[in-house]
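Novice: One file is attached below, upload_21.txt, containing compact mmCIF, C-alpha atoms.
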```txt
# COMPACT_ATOMS: atom_id res chain seq x y z
CA MET M 1 99.12 -15.44 102.01
CA GLU M 2 96.62 -12.73 102.92
CA PHE M 3 98.61 -11.18 105.76
CA SER M 4 102.07 -9.62 105.54
CA SER M 5 102.92 -9.80 109.26
CA LEU M 6 101.99 -11.67 112.41
CA ALA M 7 100.57 -8.46 113.90
CA GLU M 8 98.32 -8.04 110.89
CA PHE M 9 97.20 -11.66 111.19
CA ILE M 10 96.29 -11.22 114.84
CA ALA M 11 94.50 -7.94 114.15
CA MET M 12 92.29 -9.58 111.46
CA GLY M 13 91.51 -6.17 109.98
CA LYS M 14 90.02 -4.77 113.23
CA HIS M 15 87.96 -7.92 113.73
CA GLY M 16 90.61 -9.78 115.70
CA PHE M 17 88.59 -9.80 118.92
CA TYR M 18 85.58 -11.48 117.28
CA VAL M 19 87.56 -13.94 115.19
CA TRP M 20 89.85 -15.08 118.01
CA LEU M 21 87.05 -15.20 120.57
CA SER M 22 85.11 -17.52 118.22
CA TYR M 23 88.11 -19.76 117.57
CA GLY M 24 89.13 -19.75 121.24
CA LEU M 25 85.71 -20.76 122.57
CA THR M 26 85.45 -23.46 119.90
CA ALA M 27 88.89 -24.81 120.86
CA VAL M 28 87.84 -25.02 124.53
CA ILE M 29 84.59 -26.87 123.72
CA ILE M 30 86.33 -29.23 121.27
CA ALA M 31 89.08 -30.00 123.81
CA PHE M 32 86.41 -30.87 126.36
CA VAL M 33 84.54 -33.09 123.89
CA VAL M 34 87.71 -35.09 123.11
CA MET M 35 89.11 -35.32 126.63
CA GLN M 36 85.87 -36.43 128.27
CA PRO M 37 85.66 -39.91 126.67
CA ILE M 38 89.43 -40.48 127.01
CA LEU M 39 89.39 -39.76 130.76
CA HIS M 40 86.15 -41.69 131.16
CA ARG M 41 87.72 -44.76 129.54
CA ARG M 42 90.74 -44.57 131.84
CA ARG M 43 88.54 -44.34 134.93
CA LEU M 44 86.27 -47.14 133.71
CA LEU M 45 89.14 -49.55 133.04
CA LYS M 46 90.74 -48.80 136.39
CA GLU M 47 87.54 -49.20 138.42
CA GLN M 48 86.46 -52.39 136.67
CA ALA M 49 89.92 -53.97 136.97
CA GLN M 50 89.79 -53.20 140.71
CA ARG M 51 86.35 -54.74 140.99
CA LEU M 52 87.58 -57.86 139.24
CA ARG M 53 90.57 -58.22 141.59
CA ARG M 54 88.32 -57.72 144.59
CA GLU M 55 85.91 -60.37 143.38
CA LYS M 56 88.76 -62.82 142.83
CA ARG M 57 90.11 -62.24 146.34
CA ASN M 58 86.72 -62.85 147.88
CA ALA M 59 85.79 -65.78 145.66
CA PRO M 60 87.56 -68.70 147.45
CA SER M 61 85.95 -67.96 150.83
CA ALA M 62 82.48 -67.56 149.34
CA MET T 63 72.35 -57.03 98.74
CA TRP T 64 69.55 -57.60 101.27
CA GLN T 65 71.42 -60.43 102.96
CA TRP T 66 74.50 -58.28 103.14
CA LEU T 67 72.47 -55.56 104.86
CA VAL T 68 71.04 -58.05 107.32
CA ARG T 69 74.52 -59.32 108.13
CA LEU T 70 75.82 -55.77 108.62
CA TYR T 71 72.88 -55.01 110.90
CA HIS T 72 73.59 -58.01 113.08
CA ARG T 73 77.26 -57.18 113.25
CA LEU T 74 76.62 -53.55 114.17
CA GLY T 75 74.25 -54.83 116.81
CA SER T 76 77.03 -56.87 118.38
CA PRO T 77 78.90 -54.80 120.96
CA LYS T 78 81.92 -57.08 120.86
CA TRP T 79 82.21 -56.87 117.08
CA PHE T 80 81.90 -53.08 117.17
CA TYR T 81 84.49 -52.76 119.93
CA GLU T 82 87.05 -54.93 118.16
CA MET T 83 86.40 -53.43 114.71
CA THR T 84 86.77 -49.83 115.81
CA GLU T 85 90.04 -50.52 117.63
CA ARG T 86 91.85 -50.12 114.31
CA TRP T 87 89.80 -47.13 113.11
CA ILE T 88 90.57 -44.79 115.97
CA PHE T 89 94.12 -43.94 114.96
CA TRP T 90 93.27 -43.30 111.31
CA LEU T 91 90.16 -41.30 112.13
CA ALA T 92 92.11 -39.12 114.55
CA LEU T 93 94.84 -38.60 111.96
CA ALA T 94 92.35 -37.76 109.20
CA ALA T 95 90.28 -35.43 111.40
CA GLY T 96 93.33 -33.65 112.83
CA GLY T 97 95.16 -33.43 109.50
CA SER T 98 92.18 -32.05 107.59
CA ALA T 99 91.48 -29.54 110.38
CA ILE T 100 95.04 -28.21 110.13
CA VAL T 101 94.84 -27.90 106.33
CA GLY T 102 91.39 -26.30 106.48
CA LEU T 103 92.36 -23.80 109.19
CA VAL T 104 95.62 -22.77 107.51
CA LEU T 105 93.84 -22.24 104.18
CA GLY T 106 90.85 -20.52 105.79
CA LEU T 107 92.74 -18.24 108.17
CA LEU T 108 95.83 -17.45 106.11
CA TYR T 109 95.10 -17.94 102.43
CA ALA T 110 91.40 -17.24 101.84
CA PRO T 111 90.84 -13.64 100.69
CA ALA T 112 88.93 -11.32 103.04
CA ASP T 113 85.24 -10.85 102.28
CA TYR T 114 84.59 -7.65 100.34
CA GLN T 115 81.72 -6.67 102.67
CA GLN T 116 82.54 -8.30 106.00
CA GLY T 117 86.33 -8.15 105.94
CA ASP T 118 88.14 -10.71 108.05
CA SER T 119 85.25 -11.43 110.42
CA PHE T 120 83.87 -13.75 107.73
CA ARG T 121 86.63 -16.24 108.69
CA ILE T 122 84.34 -17.31 111.52
CA ILE T 123 82.43 -19.17 108.78
CA TYR T 124 85.03 -21.95 108.89
CA ILE T 125 83.83 -23.06 112.31
CA HIS T 126 80.30 -21.69 112.32
CA VAL T 127 78.91 -23.44 109.22
CA PRO T 128 80.51 -26.87 109.82
CA ALA T 129 79.34 -26.81 113.46
CA ALA T 130 75.78 -25.82 112.49
CA LEU T 131 75.59 -28.51 109.78
CA LEU T 132 76.93 -31.15 112.12
CA ALA T 133 74.56 -30.17 114.93
CA GLN T 134 71.63 -30.85 112.58
CA SER T 135 73.05 -34.06 111.06
CA ALA T 136 73.90 -35.41 114.50
CA TYR T 137 70.35 -34.75 115.63
CA MET T 138 68.96 -36.71 112.70
CA MET T 139 71.37 -39.59 113.37
CA MET T 140 70.35 -39.59 117.03
CA ALA T 141 66.66 -39.75 116.04
CA VAL T 142 67.31 -42.60 113.57
CA ALA T 143 69.27 -44.53 116.21
CA GLY T 144 66.39 -43.93 118.62
CA ALA T 145 63.91 -45.26 116.04
CA VAL T 146 66.03 -48.38 115.51
CA TYR T 147 65.96 -48.94 119.26
CA LEU T 148 62.19 -48.42 119.48
CA ILE T 149 61.44 -50.77 116.58
CA TRP T 150 64.02 -53.55 116.97
CA ARG T 151 65.15 -53.09 120.58
CA MET T 152 68.78 -52.98 119.49
CA LYS T 153 70.81 -52.03 122.57
CA MET T 154 73.71 -50.68 120.54
CA ALA T 155 71.33 -48.21 118.85
CA ALA T 156 70.23 -46.89 122.24
CA TRP T 157 73.86 -46.42 123.33
CA VAL T 158 74.72 -44.64 120.10
CA ALA T 159 71.73 -42.31 120.52
CA LYS T 160 72.88 -41.63 124.08
CA VAL T 161 76.47 -40.79 123.14
CA ILE T 162 75.49 -38.61 120.17
CA ALA T 163 73.32 -36.28 122.27
CA PRO T 164 76.03 -34.41 124.22
CA VAL T 165 78.34 -34.22 121.18
CA GLY T 166 75.57 -32.79 119.02
CA ALA T 167 74.70 -30.34 121.79
CA ALA T 168 78.34 -29.21 121.96
CA PHE T 169 78.37 -28.46 118.22
CA CYS T 170 75.01 -26.70 118.48
CA LEU T 171 76.49 -24.55 121.24
CA ILE T 172 79.55 -23.78 119.07
CA ALA T 173 77.25 -22.75 116.19
CA LEU T 174 75.21 -20.46 118.47
CA LEU T 175 78.23 -18.87 120.17
CA THR T 176 80.22 -18.25 117.00
CA GLY T 177 77.05 -16.99 115.31
CA ALA T 178 76.47 -14.49 118.10
CA ILE T 179 80.09 -13.34 117.99
CA TRP T 180 79.92 -13.02 114.20
CA GLY T 181 76.64 -11.13 114.48
CA LYS T 182 78.13 -8.34 116.59
CA PRO T 183 80.43 -6.81 113.93
CA THR T 184 78.12 -7.79 111.05
CA TRP T 185 74.63 -6.87 112.27
CA GLY T 186 75.60 -4.73 115.25
CA THR T 187 74.00 -7.09 117.76
CA TRP T 188 74.88 -10.36 119.50
CA TRP T 189 71.40 -11.79 119.29
CA VAL T 190 68.05 -11.26 117.57
CA TRP T 191 64.96 -13.40 117.98
CA ASP T 192 64.76 -14.23 114.32
CA ALA T 193 63.67 -17.54 112.84
CA ARG T 194 67.09 -19.08 112.18
CA LEU T 195 68.59 -18.17 115.54
CA THR T 196 65.48 -19.15 117.48
CA SER T 197 65.14 -22.53 115.75
CA MET T 198 68.83 -23.27 116.42
CA LEU T 199 68.30 -22.42 120.09
CA MET T 200 65.32 -24.82 120.01
CA LEU T 201 67.69 -27.50 118.69
CA LEU T 202 69.99 -26.98 121.68
CA PHE T 203 67.04 -27.29 124.08
CA LEU T 204 65.86 -30.43 122.26
CA TYR T 205 69.31 -31.93 122.79
CA PHE T 206 69.16 -31.05 126.50
CA GLY T 207 65.66 -32.54 126.72
CA VAL T 208 66.75 -35.79 125.07
CA MET T 209 69.82 -35.99 127.34
CA ALA T 210 67.65 -35.48 130.42
CA LEU T 211 65.11 -38.11 129.38
CA GLN T 212 67.81 -40.65 128.51
CA GLN T 213 68.66 -40.82 132.20
CA ALA T 214 65.36 -39.74 133.73
CA MET T 215 63.83 -43.06 134.72
CA GLU T 216 64.81 -45.89 136.94
CA SER T 217 64.94 -48.47 134.20
CA GLU T 218 67.48 -47.82 131.50
CA GLU T 219 65.16 -49.14 128.77
CA ALA T 220 62.33 -46.77 129.69
CA SER T 221 64.75 -43.82 129.70
CA TYR T 222 66.13 -44.74 126.27
CA LYS T 223 62.58 -45.08 124.92
CA ALA T 224 61.53 -41.68 126.27
CA GLY T 225 64.66 -40.05 124.83
CA ALA T 226 64.05 -41.69 121.45
CA ILE T 227 60.45 -40.49 121.32
CA LEU T 228 61.39 -36.88 122.08
CA ALA T 229 64.23 -37.08 119.52
CA LEU T 230 61.74 -38.25 116.85
CA VAL T 231 59.15 -35.60 117.71
CA GLY T 232 61.87 -32.94 117.64
CA LEU T 233 62.73 -33.86 114.06
CA VAL T 234 60.10 -31.33 112.89
CA ASN T 235 62.54 -28.62 113.96
CA ILE T 236 65.13 -29.70 111.35
CA PRO T 237 63.26 -28.52 108.20
CA ILE T 238 62.25 -25.40 110.15
CA ILE T 239 65.93 -24.57 110.68
CA LYS T 240 66.75 -25.27 107.05
CA TYR T 241 63.98 -23.18 105.51
CA SER T 242 63.86 -20.49 108.21
CA VAL T 243 65.98 -18.15 106.09
CA GLU T 244 63.56 -18.54 103.16
CA TRP T 245 60.19 -18.60 104.93
CA TRP T 246 60.74 -15.60 107.16
CA ASN T 247 62.42 -12.27 106.81
CA THR T 248 65.61 -12.65 108.71
CA LEU T 249 68.92 -11.01 109.42
CA HIS T 250 70.67 -14.32 108.84
CA GLN T 251 72.15 -14.67 105.39
CA PRO T 252 70.77 -17.45 103.14
CA ALA T 253 72.63 -20.74 102.75
CA THR T 254 76.21 -20.44 101.55
CA LEU T 255 76.24 -23.97 100.20
CA LYS T 256 73.48 -25.57 98.18
CA LEU T 257 73.63 -29.09 96.81
CA THR T 258 71.66 -28.18 93.72
CA GLU T 259 73.45 -25.00 92.69
CA LYS T 260 76.94 -23.95 91.78
CA PRO T 261 78.46 -22.18 94.78
CA SER T 262 78.61 -18.42 94.55
CA MET T 263 81.71 -18.29 96.73
CA HIS T 264 85.22 -17.80 95.41
CA PRO T 265 87.01 -21.19 95.28
CA ASP T 266 89.78 -19.92 97.60
CA MET T 267 87.09 -19.24 100.20
CA LEU T 268 85.04 -22.33 99.40
CA TRP T 269 87.71 -25.03 99.60
CA PRO T 270 88.70 -24.40 103.22
CA LEU T 271 85.01 -24.51 104.14
CA LEU T 272 84.48 -27.88 102.43
CA ILE T 273 87.63 -29.26 104.09
CA MET T 274 86.48 -28.03 107.51
CA ILE T 275 83.07 -29.66 107.00
CA VAL T 276 84.72 -33.01 106.20
CA SER T 277 87.04 -32.59 109.18
CA THR T 278 84.11 -31.88 111.51
CA TYR T 279 82.25 -35.03 110.40
CA LEU T 280 85.40 -37.13 110.84
CA PHE T 281 85.90 -35.69 114.31
CA PHE T 282 82.29 -36.45 115.16
CA ALA T 283 82.69 -40.07 113.99
CA LEU T 284 85.82 -40.40 116.12
CA VAL T 285 84.22 -39.03 119.28
CA VAL T 286 81.03 -41.07 118.85
CA ILE T 287 83.13 -44.23 118.44
CA LEU T 288 85.21 -43.43 121.54
CA ARG T 289 82.11 -42.80 123.62
CA THR T 290 80.24 -45.84 122.28
CA ARG T 291 83.24 -48.04 123.23
CA ASN T 292 82.97 -46.70 126.78
CA GLU T 293 79.26 -47.54 126.88
CA ILE T 294 80.09 -51.05 125.63
CA LEU T 295 82.80 -51.56 128.27
CA TRP T 296 80.42 -50.47 131.00
CA HIS T 297 77.37 -52.48 129.91
CA GLU T 298 79.37 -55.61 129.06
CA ARG T 299 81.68 -55.37 132.06
CA LYS T 300 80.64 -58.77 133.40
CA ARG T 301 81.13 -60.57 130.08
CA GLN T 302 84.07 -62.85 129.49
CA TRP T 303 85.57 -60.84 126.62
CA VAL T 304 85.62 -57.60 128.63
CA ARG T 305 87.09 -59.50 131.58
CA LYS T 306 90.02 -60.45 129.37
CA ILE T 307 90.61 -56.80 128.49
CA LEU T 308 90.48 -55.84 132.16
CA GLU T 309 92.93 -58.54 133.17
CA SER T 310 95.48 -57.69 130.51
```
Could you render the structure from this file as structure tokens?

Specialist:
Amino acid sequence: MEFSSLAEFIAMGKHGFYVWLSYGLTAVIIAFVVMQPILHRRRLLKEQAQRLRREKRNAPSA
Amino acid sequence: MWQWLVRLYHRLGSPKWFYEMTERWIFWLALAAGGSAIVGLVLGLLYAPADYQQGDSFRIIYIHVPAALLAQSAYMMMAVAGAVYLIWRMKMAAWVAKVIAPVGAAFCLIALLTGAIWGKPTWGTWWVWDARLTSMLMLLFLYFGVMALQQAMESEEASYKAGAILALVGLVNIPIIKYSVEWWNTLHQPATLKLTEKPSMHPDMLWPLLIMIVSTYLFFALVVILRTRNEILWHERKRQWVRKILES
């Protein structure tokens, strides 16, 4: 282990601001990249299932 | 061998086959990508020794280099998928090219941002218009251009074609990025990793970097698969097999 305490780890030898800003921004972008397709899939399945039900309801009269 | 390739091509071209095949891969890919990221980050942030010149700011390398490599690889994959679409009109190839673009752009953005943040304590400035930085910024704009073209026209096919053509033309930027640190005088340090040479880095610094690179590629594969499955669901929404999924 390179660091002897949590405070030392966070300080990153005076470069803490740069290191944690880099890792923080990356985490935000990565989270967005993962969540986007997961939420998109949920919305897609819901909307298409609704469309299917609607079509079935209207089918007999048509 | 050839027949096997032809069979694989036809299978990959089948949206249904791809959708069903990847169902089982998602869990394992997520596990492998997440697990390797944890190992790589713990080793890189806690156990790698500080750089003798740069101190602890060098730890940014563990996201910067994998992101920059992936941004370039993803671009090449997007261009190849675009070429496959142009030549053989394979719909799946067009969808893959479309889903790669925003993911590649995100990694390009990560590389640029972390590079700028790393530059401040190392060079004393966030940004310089040097060859490496400028060509990486070009890559980001190429991604944006391809994304815009892929949805620019009324017909989907014409948009995919336009996006594929720009992606192929933009390929010239890839060797420019790679050799920019050798052709021009630049602030950016030369490549840390070379396929043809023994690495100059200490193994305790090198291993976390290699693990993070593998992790990044696994993560990319996972996200591209997730997004391609969404494209398939949307485009095949009126097909019987998707209907069954929707009804269940």

Novice: Can you work out which residues from chain T touch chain M at a cut-off of 6 Å (counting all atoms listed in the file) and hand them back as a list in words?

Specialist: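 My answer is Leu108, Tyr109, Asp118, Ser119, Ile122, Ile172, Thr176, Ile179, Arg289, Asn292 and Leu308 of chain T.
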
Novice: To one decimal in Å, tell me the separation between atom CA of Lys160 of chain T and atom CA of Ser217 of chain T.

Specialist: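 Rounded to one decimal, the two atoms are 14.6 Å apart.
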
Novice: Please, what distance in Å, to one decimal, runs between atom CA of Leu67 of chain T and atom CA of Met83 of chain T?

Specialist: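 Rounded to one decimal, the two atoms are 17.2 Å apart.
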
Novice: If I take atom CA of Lys56 of chain M and atom CA of Trp296 of chain T, how far is one from the other in Å, to one decimal?

Specialist: 19.0 Å

Novice: Which one of T:Thr187, T:Val161, T:Ala193, T:Ser221 sits closest to Tyr205 of chain T if you count all atoms listed in the file?

Specialist: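 Result for the nearest residue to Tyr205 of chain T: T:Val161.
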
Novice: Go through T:Leu103, T:Ala283, T:Met154, T:Leu255 one by one, measure the shortest atom-to-atom distance of each to Phe80 of chain T using all atoms listed in the file, and give the residue with the smallest value.

Specialist: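 Result for the nearest residue to Phe80 of chain T: T:Met154.
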